[in-house]
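Undergrad: File work_35.tsv below, TSV, C-alpha atoms:
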```tsv
chain	number	residue	atom	x	y	z
A	1	MET	CA	99.39	109.20	87.48
A	2	ARG	CA	99.44	109.08	91.29
A	3	PHE	CA	96.84	111.90	91.42
A	4	ARG	CA	94.53	109.96	89.11
A	5	SER	CA	94.85	106.82	91.27
A	6	VAL	CA	94.03	108.75	94.45
A	7	ARG	CA	91.09	110.46	92.80
A	8	ALA	CA	89.79	107.09	91.52
A	9	ALA	CA	90.09	105.61	95.00
A	10	LEU	CA	88.18	108.56	96.52
A	11	VAL	CA	85.37	108.21	93.97
A	12	CYS	CA	85.13	104.45	94.66
A	13	ALA	CA	84.96	105.07	98.41
A	14	LEU	CA	82.14	107.58	97.99
A	15	VAL	CA	80.21	105.18	95.75
A	16	ALA	CA	80.66	102.34	98.26
A	17	ALA	CA	79.52	104.51	101.17
A	18	ALA	CA	76.37	105.55	99.35
A	19	THR	CA	75.40	102.03	98.27
A	20	PRO	CA	73.65	99.65	100.73
A	21	ALA	CA	75.54	96.37	101.20
A	22	ALA	CA	72.68	94.21	99.94
A	23	ALA	CA	71.77	96.33	96.91
A	24	THR	CA	72.72	93.90	94.17
A	25	ALA	CA	69.97	94.58	91.67
A	26	ALA	CA	71.08	98.02	90.48
A	27	PRO	CA	74.82	98.68	90.91
A	28	SER	CA	76.26	102.02	89.90
A	29	ALA	CA	77.00	102.67	86.24
A	30	PRO	CA	80.18	101.02	84.90
A	31	ARG	CA	83.31	103.18	84.80
A	32	ALA	CA	86.58	102.39	83.09
A	33	ASP	CA	88.68	102.75	86.25
A	34	CYS	CA	86.29	100.82	88.51
A	35	PRO	CA	85.13	97.71	86.61
A	36	ARG	CA	81.67	96.55	87.67
A	37	LEU	CA	80.26	93.07	88.06
A	38	THR	CA	77.04	92.15	86.29
A	39	GLY	CA	74.66	89.22	86.43
A	40	SER	CA	72.53	87.55	89.06
A	41	TRP	CA	74.13	86.32	92.29
A	42	TYR	CA	72.65	84.92	95.50
A	43	GLY	CA	71.83	87.44	98.22
A	44	ASP	CA	74.43	90.19	98.57
A	45	ASN	CA	77.29	88.17	97.06
A	46	ARG	CA	77.70	90.46	94.07
A	47	ALA	CA	77.91	93.55	96.27
A	48	ARG	CA	80.47	91.89	98.54
A	49	LEU	CA	82.59	90.78	95.59
A	50	GLN	CA	82.35	94.28	94.14
A	51	ARG	CA	83.64	95.77	97.39
A	52	LEU	CA	86.61	93.42	97.27
A	53	ILE	CA	87.33	94.44	93.68
A	54	ASP	CA	87.08	98.13	94.55
A	55	THR	CA	89.27	97.90	97.66
A	56	ARG	CA	91.95	95.53	96.35
A	57	GLY	CA	92.05	96.37	92.64
A	58	THR	CA	93.05	99.39	90.57
A	59	CYS	CA	90.30	101.51	92.15
A	60	SER	CA	92.14	101.42	95.46
A	61	GLY	CA	95.24	103.10	94.11
A	62	SER	CA	97.40	100.32	95.58
A	63	ALA	CA	100.67	99.50	93.85
A	64	ASN	CA	100.29	95.81	94.74
A	65	THR	CA	98.93	93.26	92.29
A	66	PRO	CA	96.29	91.15	94.06
A	67	VAL	CA	95.82	87.51	93.09
A	68	ALA	CA	92.59	85.57	92.59
A	69	ALA	CA	92.55	81.77	92.22
A	70	PHE	CA	89.70	79.61	90.93
A	71	ASP	CA	89.19	75.89	90.89
A	72	TRP	CA	87.93	74.93	87.43
A	73	ASP	CA	85.53	71.96	87.30
A	74	ASN	CA	82.08	72.83	88.70
A	75	THR	CA	83.43	76.18	89.89
A	76	VAL	CA	83.96	78.00	86.59
A	77	THR	CA	82.09	75.41	84.54
A	78	LYS	CA	79.10	73.19	85.09
A	79	ASN	CA	80.45	69.60	84.82
A	80	ASP	CA	83.97	68.21	84.73
A	81	VAL	CA	86.09	68.94	81.66
A	82	THR	CA	88.61	66.14	82.34
A	83	ASP	CA	85.74	63.63	82.44
A	84	ALA	CA	84.31	65.14	79.25
A	85	THR	CA	87.69	64.70	77.56
A	86	LEU	CA	88.16	61.16	78.88
A	87	GLY	CA	84.69	60.22	77.60
A	88	TRP	CA	85.54	61.63	74.17
A	89	ILE	CA	88.86	59.75	74.12
A	90	LEU	CA	87.17	56.45	75.01
A	91	ARG	CA	84.61	56.94	72.25
A	92	HIS	CA	87.42	57.64	69.76
A	93	ASP	CA	89.91	54.91	70.74
A	94	GLY	CA	92.45	57.31	72.20
A	95	ILE	CA	93.90	55.16	75.03
A	96	LEU	CA	97.19	53.49	74.12
A	97	ARG	CA	97.62	49.97	75.47
A	98	PRO	CA	100.19	49.88	78.29
A	99	ALA	CA	102.62	46.99	78.63
A	100	ARG	CA	101.10	46.35	82.07
A	101	TRP	CA	98.11	48.12	83.55
A	102	LYS	CA	99.93	48.24	86.89
A	103	ASP	CA	102.45	50.53	85.21
A	104	THR	CA	99.76	53.22	85.03
A	105	SER	CA	99.56	53.74	88.81
A	106	GLN	CA	101.76	52.76	91.73
A	107	TRP	CA	98.61	52.05	93.75
A	108	LEU	CA	96.67	49.95	91.21
A	109	THR	CA	95.62	46.64	92.76
A	110	ASP	CA	96.07	43.17	91.31
A	111	ALA	CA	92.27	42.97	91.03
A	112	ALA	CA	92.15	46.14	88.92
A	113	ASP	CA	95.07	44.94	86.81
A	114	ARG	CA	93.24	41.68	86.09
A	115	ALA	CA	89.96	43.44	85.37
A	116	LEU	CA	91.55	45.85	82.90
A	117	THR	CA	93.62	43.13	81.25
A	118	THR	CA	90.54	40.95	80.79
A	119	ALA	CA	88.23	43.74	79.61
A	120	CYS	CA	90.61	45.51	77.26
A	121	ASP	CA	91.84	43.98	74.00
A	122	THR	CA	94.97	41.94	74.73
A	123	ALA	CA	95.44	41.39	70.99
A	124	THR	CA	96.20	45.08	70.55
A	125	PRO	CA	99.98	45.66	70.37
A	126	VAL	CA	101.54	47.56	73.26
A	127	GLY	CA	101.49	51.27	72.45
A	128	ALA	CA	98.67	50.96	69.89
A	129	PRO	CA	95.15	52.42	70.43
A	130	LEU	CA	92.68	50.23	72.28
A	131	THR	CA	89.31	49.85	70.56
A	132	THR	CA	87.33	51.17	73.51
A	133	SER	CA	84.55	52.33	71.19
A	134	ALA	CA	83.81	48.83	69.90
A	135	GLY	CA	82.39	47.35	73.10
A	136	PRO	CA	81.54	48.48	76.60
A	137	ARG	CA	83.80	46.35	78.79
A	138	CYS	CA	87.10	48.25	78.60
A	139	ALA	CA	85.49	51.68	78.73
A	140	ASP	CA	83.34	50.55	81.67
A	141	GLU	CA	86.32	49.38	83.72
A	142	ILE	CA	88.21	52.61	83.09
A	143	LEU	CA	85.24	54.83	83.91
A	144	GLU	CA	84.27	52.87	87.03
A	145	ILE	CA	87.82	53.04	88.39
A	146	ARG	CA	88.00	56.77	87.62
A	147	GLU	CA	84.61	57.44	89.22
A	148	SER	CA	84.55	55.19	92.27
A	149	GLY	CA	88.03	53.79	92.74
A	150	ARG	CA	86.58	50.30	92.23
A	151	THR	CA	86.32	47.80	89.40
A	152	MET	CA	83.04	46.85	87.80
A	153	SER	CA	82.90	43.83	90.12
A	154	GLY	CA	83.28	46.10	93.16
A	155	ALA	CA	86.88	45.25	94.03
A	156	ALA	CA	89.14	48.04	95.28
A	157	ALA	CA	91.13	49.47	92.37
A	158	PHE	CA	93.78	51.21	94.49
A	159	ALA	CA	95.55	50.20	97.67
A	160	GLY	CA	98.60	51.25	99.65
A	161	ASP	CA	99.76	54.37	101.41
A	162	TRP	CA	99.16	57.90	100.21
A	163	ASN	CA	98.41	61.20	101.91
A	164	ARG	CA	94.69	61.77	101.36
A	165	ARG	CA	95.17	65.55	101.61
A	166	ARG	CA	97.80	65.61	98.86
A	167	THR	CA	96.48	63.22	96.25
A	168	VAL	CA	93.78	60.75	95.26
A	169	PRO	CA	94.86	57.91	92.92
A	170	GLN	CA	91.94	58.05	90.50
A	171	TYR	CA	92.53	61.76	89.84
A	172	ALA	CA	96.23	61.17	89.16
A	173	TRP	CA	95.30	58.13	87.06
A	174	VAL	CA	93.67	60.06	84.19
A	175	PRO	CA	96.87	61.80	83.04
A	176	GLN	CA	98.70	58.51	83.61
A	177	LEU	CA	96.24	56.72	81.31
A	178	LEU	CA	97.27	59.14	78.57
A	179	ALA	CA	100.92	58.07	78.65
A	180	GLY	CA	102.44	57.76	75.21
A	181	HIS	CA	100.63	60.76	73.75
A	182	THR	CA	102.25	64.09	73.08
A	183	VAL	CA	100.87	67.21	74.72
A	184	ALA	CA	99.80	68.39	71.26
A	185	GLU	CA	97.76	65.21	70.73
A	186	LEU	CA	96.05	65.51	74.10
A	187	THR	CA	95.36	69.19	73.44
A	188	SER	CA	93.73	68.26	70.15
A	189	TYR	CA	91.50	65.71	71.88
A	190	ALA	CA	90.53	68.27	74.54
A	191	ARG	CA	89.62	70.86	71.91
A	192	ARG	CA	87.35	68.45	70.08
A	193	ALA	CA	85.75	67.31	73.33
A	194	ARG	CA	85.23	70.97	74.30
A	195	THR	CA	83.50	71.79	71.00
A	196	GLU	CA	81.20	68.80	71.44
A	197	ALA	CA	80.40	69.52	75.10
A	198	LEU	CA	79.61	73.20	74.50
A	199	ALA	CA	77.25	72.25	71.65
A	200	ALA	CA	75.33	69.62	73.64
A	201	PRO	CA	72.07	70.85	75.24
A	202	VAL	CA	72.07	71.65	78.95
A	203	GLY	CA	70.93	68.58	80.87
A	204	SER	CA	71.81	66.12	78.10
A	205	THR	CA	73.65	62.86	78.78
A	206	ARG	CA	75.70	60.40	76.78
A	207	THR	CA	76.36	56.67	77.18
A	208	VAL	CA	80.01	55.58	77.22
A	209	GLY	CA	80.35	51.87	77.70
A	210	THR	CA	77.27	51.36	79.84
A	211	HIS	CA	77.96	54.47	81.96
A	212	THR	CA	75.73	57.52	81.65
A	213	LEU	CA	77.79	60.71	81.63
A	214	PRO	CA	76.88	64.39	81.28
A	215	ALA	CA	77.15	65.27	77.59
A	216	TYR	CA	77.40	69.01	78.13
A	217	VAL	CA	79.69	71.53	79.79
A	218	ARG	CA	78.94	75.23	80.21
A	219	HIS	CA	80.93	78.17	81.49
A	220	TYR	CA	79.05	79.87	84.30
A	221	THR	CA	78.23	83.33	82.95
A	222	GLN	CA	78.67	84.89	86.38
A	223	GLN	CA	82.10	83.33	86.90
A	224	ARG	CA	83.27	84.35	83.43
A	225	ASP	CA	82.15	87.90	84.21
A	226	LEU	CA	83.84	87.81	87.63
A	227	ILE	CA	87.14	86.67	86.10
A	228	ARG	CA	86.92	89.33	83.38
A	229	THR	CA	86.11	92.04	85.93
A	230	LEU	CA	88.94	90.97	88.22
A	231	ARG	CA	91.42	91.09	85.36
A	232	ARG	CA	90.22	94.53	84.29
A	233	ALA	CA	90.65	95.67	87.89
A	234	GLY	CA	94.30	94.59	87.91
A	235	PHE	CA	94.03	91.18	89.59
A	236	ASP	CA	96.32	88.37	88.51
A	237	VAL	CA	93.87	85.50	87.95
A	238	TYR	CA	94.90	81.84	88.13
A	239	ILE	CA	93.13	78.54	87.58
A	240	VAL	CA	94.15	75.74	89.98
A	241	SER	CA	92.72	72.33	89.09
A	242	ALA	CA	93.21	68.65	89.92
A	243	GLY	CA	92.65	67.81	86.26
A	244	SER	CA	95.18	67.21	83.51
A	245	GLU	CA	97.00	70.47	82.76
A	246	PRO	CA	96.83	70.35	78.92
A	247	VAL	CA	93.06	69.72	79.15
A	248	THR	CA	92.52	72.50	81.69
A	249	GLU	CA	94.56	74.91	79.56
A	250	VAL	CA	92.26	74.35	76.58
A	251	TRP	CA	89.29	75.39	78.70
A	252	SER	CA	90.88	78.20	80.71
A	253	ARG	CA	91.68	80.10	77.52
A	254	GLY	CA	87.92	80.43	77.07
A	255	VAL	CA	87.77	82.80	80.05
A	256	GLY	CA	90.92	84.72	79.14
A	257	VAL	CA	93.35	82.83	81.39
A	258	ASP	CA	96.53	81.74	79.60
A	259	ALA	CA	98.65	78.63	80.12
A	260	ARG	CA	101.09	80.47	82.40
A	261	HIS	CA	98.21	81.16	84.78
A	262	THR	CA	96.82	77.60	84.66
A	263	ILE	CA	98.02	75.13	87.28
A	264	ALA	CA	96.93	71.49	87.17
A	265	ILE	CA	98.47	68.00	87.17
A	266	ARG	CA	101.72	68.38	85.26
A	267	SER	CA	102.91	65.19	83.59
A	268	VAL	CA	106.62	64.50	83.18
A	269	LEU	CA	107.48	64.11	79.49
A	270	ASP	CA	110.00	61.63	78.08
A	271	ARG	CA	112.85	62.65	75.78
A	272	HIS	CA	110.53	62.40	72.80
A	273	GLY	CA	108.03	64.83	74.37
A	274	ARG	CA	105.50	62.13	75.24
A	275	ILE	CA	103.46	61.97	78.44
A	276	THR	CA	104.68	59.49	81.07
A	277	PRO	CA	102.92	58.11	84.19
A	278	TRP	CA	105.07	60.46	86.30
A	279	ASN	CA	103.92	63.85	87.62
A	280	GLN	CA	105.95	66.88	88.59
A	281	GLY	CA	106.24	67.44	92.34
A	282	CYS	CA	105.64	70.23	94.83
A	283	GLY	CA	106.88	71.35	98.23
A	284	GLY	CA	110.06	69.29	98.25
A	285	VAL	CA	108.29	66.19	96.88
A	286	PRO	CA	110.15	65.17	93.70
A	287	ALA	CA	108.58	63.83	90.52
A	288	THR	CA	106.44	60.85	91.50
A	289	ARG	CA	103.60	58.82	90.10
A	290	GLY	CA	101.00	61.10	91.65
A	291	GLU	CA	101.94	61.80	95.28
A	292	ALA	CA	101.66	65.62	95.24
A	293	ILE	CA	98.97	66.83	92.84
A	294	PRO	CA	96.82	69.99	93.24
A	295	TYR	CA	94.38	68.31	95.62
A	296	ILE	CA	93.23	69.68	99.04
A	297	ASP	CA	96.50	70.72	100.74
A	298	GLY	CA	98.23	70.13	97.41
A	299	LYS	CA	96.42	73.12	95.93
A	300	ARG	CA	97.93	75.35	98.62
A	301	CYS	CA	101.36	73.88	97.84
A	302	TRP	CA	101.11	74.50	94.11
A	303	ILE	CA	99.83	78.06	94.64
A	304	ASN	CA	102.65	78.83	97.06
A	305	GLN	CA	105.25	77.30	94.77
A	306	GLU	CA	104.11	78.52	91.36
A	307	ILE	CA	102.64	81.94	92.24
A	308	TYR	CA	104.66	83.07	95.25
A	309	GLY	CA	107.94	81.19	94.74
A	310	VAL	CA	107.78	79.33	98.07
A	311	HIS	CA	109.68	76.04	97.81
A	312	GLY	CA	110.43	73.07	100.00
A	313	ALA	CA	108.39	72.06	103.04
A	314	ALA	CA	107.27	75.67	103.58
A	315	ALA	CA	105.05	75.44	100.49
A	316	TRP	CA	102.68	73.15	102.40
A	317	ARG	CA	102.12	75.77	105.11
A	318	ARG	CA	99.81	78.81	105.14
A	319	GLN	CA	101.83	81.90	104.25
A	320	ASP	CA	101.65	85.44	105.59
A	321	PRO	CA	98.87	87.64	104.13
A	322	GLU	CA	101.20	89.25	101.59
A	323	HIS	CA	101.80	85.82	100.07
A	324	ARG	CA	98.21	84.62	99.89
A	325	VAL	CA	95.47	85.13	97.34
A	326	ALA	CA	92.88	87.86	97.88
A	327	LEU	CA	89.99	85.83	96.43
A	328	ALA	CA	89.64	82.08	96.08
A	329	ALA	CA	86.73	80.11	94.64
A	330	GLY	CA	85.86	76.42	94.81
A	331	ASP	CA	83.06	73.90	95.01
A	332	ALA	CA	84.40	70.80	96.76
A	333	ASP	CA	86.52	69.48	99.61
A	334	THR	CA	89.42	69.36	97.13
A	335	ASP	CA	89.40	73.17	97.31
A	336	VAL	CA	88.90	73.76	101.03
A	337	THR	CA	92.51	74.60	101.95
A	338	PHE	CA	93.31	77.18	99.28
A	339	VAL	CA	89.83	78.73	99.47
A	340	GLY	CA	90.30	79.08	103.23
A	341	ASP	CA	93.70	80.76	102.70
A	342	ALA	CA	92.17	83.75	100.85
A	343	THR	CA	92.52	87.05	102.70
A	344	GLY	CA	89.58	88.92	101.15
A	345	ALA	CA	86.81	86.50	100.16
A	346	HIS	CA	86.19	82.75	100.14
A	347	LEU	CA	83.68	82.07	97.34
A	348	VAL	CA	81.96	78.67	97.52
A	349	LEU	CA	79.53	77.06	95.09
A	350	ASN	CA	77.34	74.73	97.12
A	351	ARG	CA	77.64	71.12	95.96
A	352	ASN	CA	76.96	69.69	99.43
A	353	LYS	CA	80.61	68.80	100.10
A	354	SER	CA	80.92	68.44	103.84
A	355	GLU	CA	84.32	69.82	104.86
A	356	LEU	CA	84.05	72.84	102.56
A	357	MET	CA	80.48	73.62	103.59
A	358	CYS	CA	81.34	73.29	107.28
A	359	ARG	CA	83.96	76.01	106.82
A	360	ALA	CA	81.66	78.13	104.68
A	361	TYR	CA	78.62	78.05	106.97
A	362	ASP	CA	80.75	78.50	110.11
A	363	ASP	CA	82.10	81.68	108.44
A	364	ALA	CA	84.77	82.15	111.12
A	365	ASP	CA	86.24	85.35	109.61
A	366	GLY	CA	83.01	86.76	108.11
A	367	ARG	CA	84.39	86.50	104.57
A	368	TRP	CA	82.79	83.31	103.29
A	369	LEU	CA	80.33	83.75	100.39
A	370	ILE	CA	78.08	80.81	99.50
A	371	ASN	CA	76.28	80.63	96.17
A	372	PRO	CA	74.09	77.86	94.73
A	373	MET	CA	75.34	76.38	91.48
A	374	PHE	CA	74.32	78.71	88.68
A	375	ILE	CA	73.04	75.83	86.50
A	376	GLU	CA	70.94	72.98	87.95
A	377	PRO	CA	71.54	73.87	91.62
A	378	LEU	CA	71.24	71.08	94.16
A	379	PRO	CA	68.29	70.89	96.57
A	380	ARG	CA	68.83	71.54	100.27
A	381	ARG	CA	70.76	68.82	102.07
A	382	PRO	CA	68.18	67.31	104.46
A	383	ARG	CA	70.65	66.53	107.27
A	384	PRO	CA	73.16	68.88	108.89
A	385	TYR	CA	76.80	68.59	107.80
A	386	PRO	CA	78.67	66.40	110.33
A	387	CYS	CA	81.26	69.07	111.15
A	388	SER	CA	81.65	68.11	114.80
A	389	THR	CA	82.40	64.43	114.11
A	390	ASN	CA	83.84	63.34	110.75
A	391	ALA	CA	83.60	65.99	108.00
A	392	TYR	CA	87.36	66.68	107.98
A	393	ASN	CA	89.26	64.55	105.45
A	394	ALA	CA	92.23	63.22	107.41
A	395	ALA	CA	95.53	62.35	105.75
A	396	ASP	CA	95.06	58.66	106.60
A	397	GLY	CA	91.63	58.53	104.97
A	398	GLY	CA	89.55	58.76	108.12
A	399	GLY	CA	87.05	61.40	109.12
A	400	GLU	CA	87.68	63.84	111.97
A	401	PRO	CA	86.00	66.94	113.46
A	402	VAL	CA	86.53	70.20	111.57
A	403	LEU	CA	88.54	72.59	113.75
A	404	ARG	CA	88.82	76.36	113.67
A	405	ASP	CA	92.22	78.06	113.78
A	406	ASP	CA	91.92	78.36	117.56
A	407	GLY	CA	91.36	74.61	117.91
A	408	SER	CA	87.65	74.78	118.73
A	409	VAL	CA	85.31	72.35	117.00
A	410	VAL	CA	82.98	73.62	114.29
A	411	PRO	CA	79.42	72.61	115.25
A	412	ASP	CA	77.23	70.76	112.77
A	413	GLN	CA	75.84	73.14	110.15
A	414	LYS	CA	72.46	73.23	108.45
A	415	ASP	CA	72.28	73.69	104.69
A	416	SER	CA	70.50	76.97	103.94
A	417	VAL	CA	71.85	78.29	100.60
A	418	HIS	CA	70.41	76.29	97.73
```
Please render this file's structure as structure tokens.
TA:
Amino acid sequence: MRFRSVRAALVCALVAAATPAAATAAPSAPRADCPRLTGSWYGDNRARLQRLIDTRGTCSGSANTPVAAFDWDNTVTKNDVTDATLGWILRHDGILRPARWKDTSQWLTDAADRALTTACDTATPVGAPLTTSAGPRCADEILEIRESGRTMSGAAAFAGDWNRRRTVPQYAWVPQLLAGHTVAELTSYARRARTEALAAPVGSTRTVGTHTLPAYVRHYTQQRDLIRTLRRAGFDVYIVSAGSEPVTEVWSRGVGVDARHTIAIRSVLDRHGRITPWNQGCGGVPATRGEAIPYIDGKRCWINQEIYGVHGAAAWRRQDPEHRVALAAGDADTDVTFVGDATGAHLVLNRNKSELMCRAYDDADGRWLINPMFIEPLPRRPRPYPCSTNAYNAADGGGEPVLRDDGSVVPDQKDSVH
């Protein structure tokens, strides 16, 4: 078996040496021991990803199992699957009335509590489904708070202290809104929402309350192929999302990633197996109402804890290369830390998110790959990214310069991949 691995590695090396780096249109013929990527990628991205697969995967003859980690929403799919599920739930009266709306989030303001109490049916018994499909007001308040962190009147929906690199209240709030349901019930809702979203035409929208939402979700063909190729080449592939874990699990199965390899916001269950407003913690942070979710630095923490077994405060820190992913992929500032931790390739889908794109265009280690969105890509950002002033998302909510590892400031970057 060792001879076959060495021979496979030698063949892969010869193929790589004979193939120009930018030749993406006609890769060599697929072979069982060296899985090949297919599909259309920007520039030489496919060739560079293929080299990573060949040098880190089974073709290299290495005994190590490399890891790849992908954000889900707008990285593997076009559009957000948690939002698609929430929209479906609102249209099918799936939110159970809480005793107090302030119970749903430790940061919910009095203004948001009043707005939700007024808009949502107070005649509905506590624990019974709200009739959010019957009129727009309740659905509108929920969607506006989820989308903007404000009520329909413009008042702040969340206030208080939280680490902006570990959580964002409106992301944590969606699983908290689903308190009272079992995981099986939420999974059922997510499956039905998935069926509906995959059937809707690309570009279609739907009105929920008075909000216009994308009606469709699609797996990116190139990302599905990349995940399949990585797995065939011996990579351990994980999904790491700031969405609700039962919802993300329904979708990740569609690209061959099981629940054990899906990391998202994990709700604490009560003794009857029902979702509570509490989330499991990471990096020494105990179960809380949303203080340590997979969000910016939180994604690093959850990867370190769940994949590499690093616990306590150390889980928040960058690990040595042997305990970091080989490939990481993301599309937003929520992904910047774990994507930057990758040792082989940092794959970025350009959605004009400043901190992530500053890192990607600066390309400090020469391993950043930028690709336009595969469906409905965005136009070029007209102004440079403000890397030198305020693109970094500080823990206190302010903006700061983006710094390289050596402490130097990343200069403003022009948008060129679109």
Undergrad: Between CA of Phe338 (chain A) and CA of Gln170 (chain A), what is the distance, to one decimal in Å?
TA: 21.1 Å
Undergrad: How many Å lie between CA of Ser204 (chain A) and CA of Val76 (chain A), rounded to one decimal?
TA: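 Computed distance, CA of Ser204 (chain A) to CA of Val76 (chain A), equals 19.0 Å.
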Undergrad: I'd like the contact shell of Gly298 (chain A) - 12 Å cut-off, all atoms listed in the file, skipping same-chain residues fewer than 3 positions apart - returned as number ranges by chain.
TA: A: 163-168, 240-242, 263-265, 281-285, 290-295, 301-306, 313, 315-318, 333-338, 395
Undergrad: Within 12 Å of (73.8, 89.6, 88.8), in the coordinates the file gives, what residues turn up when you count only C-alpha atoms, written out as a PyMOL selection string?
TA: chain A and resi 23-27+36-47+49-50+220-223+225-226+371+374
Undergrad: Kindly export the residues of the current selection with C-alpha atoms, as a PDB file, in the frame of the given file.
TA:
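This went into out_21.pdb:
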```
ATOM      1  CA  ALA A  23      71.770  96.330  96.910  1.00  0.00           C
ATOM      2  CA  THR A  24      72.720  93.900  94.170  1.00  0.00           C
ATOM      3  CA  ALA A  25      69.970  94.580  91.670  1.00  0.00           C
ATOM      4  CA  ALA A  26      71.080  98.020  90.480  1.00  0.00           C
ATOM      5  CA  PRO A  27      74.820  98.680  90.910  1.00  0.00           C
ATOM      6  CA  ARG A  36      81.670  96.550  87.670  1.00  0.00           C
ATOM      7  CA  LEU A  37      80.260  93.070  88.060  1.00  0.00           C
ATOM      8  CA  THR A  38      77.040  92.150  86.290  1.00  0.00           C
ATOM      9  CA  GLY A  39      74.660  89.220  86.430  1.00  0.00           C
ATOM     10  CA  SER A  40      72.530  87.550  89.060  1.00  0.00           C
ATOM     11  CA  TRP A  41      74.130  86.320  92.290  1.00  0.00           C
ATOM     12  CA  TYR A  42      72.650  84.920  95.500  1.00  0.00           C
ATOM     13  CA  GLY A  43      71.830  87.440  98.220  1.00  0.00           C
ATOM     14  CA  ASP A  44      74.430  90.190  98.570  1.00  0.00           C
ATOM     15  CA  ASN A  45      77.290  88.170  97.060  1.00  0.00           C
ATOM     16  CA  ARG A  46      77.700  90.460  94.070  1.00  0.00           C
ATOM     17  CA  ALA A  47      77.910  93.550  96.270  1.00  0.00           C
ATOM     18  CA  LEU A  49      82.590  90.780  95.590  1.00  0.00           C
ATOM     19  CA  GLN A  50      82.350  94.280  94.140  1.00  0.00           C
ATOM     20  CA  TYR A 220      79.050  79.870  84.300  1.00  0.00           C
ATOM     21  CA  THR A 221      78.230  83.330  82.950  1.00  0.00           C
ATOM     22  CA  GLN A 222      78.670  84.890  86.380  1.00  0.00           C
ATOM     23  CA  GLN A 223      82.100  83.330  86.900  1.00  0.00           C
ATOM     24  CA  ASP A 225      82.150  87.900  84.210  1.00  0.00           C
ATOM     25  CA  LEU A 226      83.840  87.810  87.630  1.00  0.00           C
ATOM     26  CA  ASN A 371      76.280  80.630  96.170  1.00  0.00           C
ATOM     27  CA  PHE A 374      74.320  78.710  88.680  1.00  0.00           C
TER      28      PHE A 374
END
```
Undergrad: When you draw a straight line from CA of Arg300 (chain A) to CA of Val325 (chain A), how long is it in Å?
TA: 10.2 Å
Undergrad: Using only C-alpha atoms, which of the listed residues (A:Val257, A:Leu269, A:Val339, A:Ala172) sits closest to Thr82 (chain A)?
TA: A:Ala172
Undergrad: Have a look at A:Ala328, A:Ala68, A:Arg97, A:Glu144 and name the one nearest to Asp121 (chain A); count only C-alpha atoms.
TA: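 Using only C-alpha atoms, Asp121 (chain A) sits closest to A:Arg97.
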Undergrad: Excluding region 189-192 of chain A and its own-chain neighbours fewer than 6 positions away, which residues fall within 7 Å of it when counting all atoms listed in the file? Please give them as a PyMOL selection string.
TA: chain A and resi 85+89+247+250
Undergrad: Given the choices A:Thr207, A:Asp362, A:Ala84, A:Arg274, which gets closest to Trp251 (chain A) if the distance is worked out from all atoms listed in the file?
TA: A:Ala84
Undergrad: Choose the residue, out of A:Pro136, A:Gly154, A:Gly61, A:Pro277, that has the smallest atom-to-atom separation from Trp101 (chain A); count only C-alpha atoms.
TA: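 Result for the nearest residue to Trp101 (chain A): A:Pro277.
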Undergrad: Check the smallest atom-to-atom distance from each of A:Leu177, A:Gly94, A:Ala159, A:Ser354 to Leu116 (chain A) using all atoms listed in the file, then report the winner.
TA: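 Under the stated criterion, the closest residue is A:Leu177.
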Undergrad: Rank A:Thr151, A:Asp236, A:Lys78, A:Val126 by their smallest atom-to-atom distance to Asp113 (chain A), using all atoms listed in the file, and report the top residue only.
TA: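 Nearest to Asp113 (chain A): A:Thr151.
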Undergrad: Can you tell me, as a PyMOL selection string, what residues are no more than 10 Å from Ile370 (chain A) when counting only C-alpha atoms, ignoring any on the same chain fewer than 6 positions away?
TA: chain A and resi 41-43+45+329+331+346-350+357+360-361+363+416-418
Undergrad: Rebuild N, CA and C atoms on region 147-154 of chain A, as a short mmCIF file (atom, residue, chain, number, x, y, z; two decimals), in the coordinates of the input?
TA:
```cif
data_model
loop_
_atom_site.label_atom_id
_atom_site.label_comp_id
_atom_site.auth_asym_id
_atom_site.auth_seq_id
_atom_site.Cartn_x
_atom_site.Cartn_y
_atom_site.Cartn_z
N GLU A 147 85.72 56.85 88.47
CA GLU A 147 84.61 57.44 89.22
C GLU A 147 84.58 57.00 90.68
N SER A 148 84.78 55.71 90.92
CA SER A 148 84.55 55.19 92.27
C SER A 148 85.78 54.61 92.93
N GLY A 149 86.86 54.44 92.17
CA GLY A 149 88.03 53.79 92.74
C GLY A 149 87.84 52.29 92.89
N ARG A 150 86.85 51.74 92.19
CA ARG A 150 86.58 50.30 92.23
C ARG A 150 86.39 49.76 90.82
N THR A 151 86.57 48.44 90.68
CA THR A 151 86.32 47.80 89.40
C THR A 151 84.82 47.58 89.22
N MET A 152 84.45 47.13 88.06
CA MET A 152 83.04 46.85 87.80
C MET A 152 82.49 45.76 88.72
N SER A 153 83.36 44.88 89.21
CA SER A 153 82.90 43.83 90.12
C SER A 153 82.86 44.31 91.57
N GLY A 154 83.32 45.54 91.82
CA GLY A 154 83.28 46.10 93.16
C GLY A 154 84.57 45.97 93.94
#
```
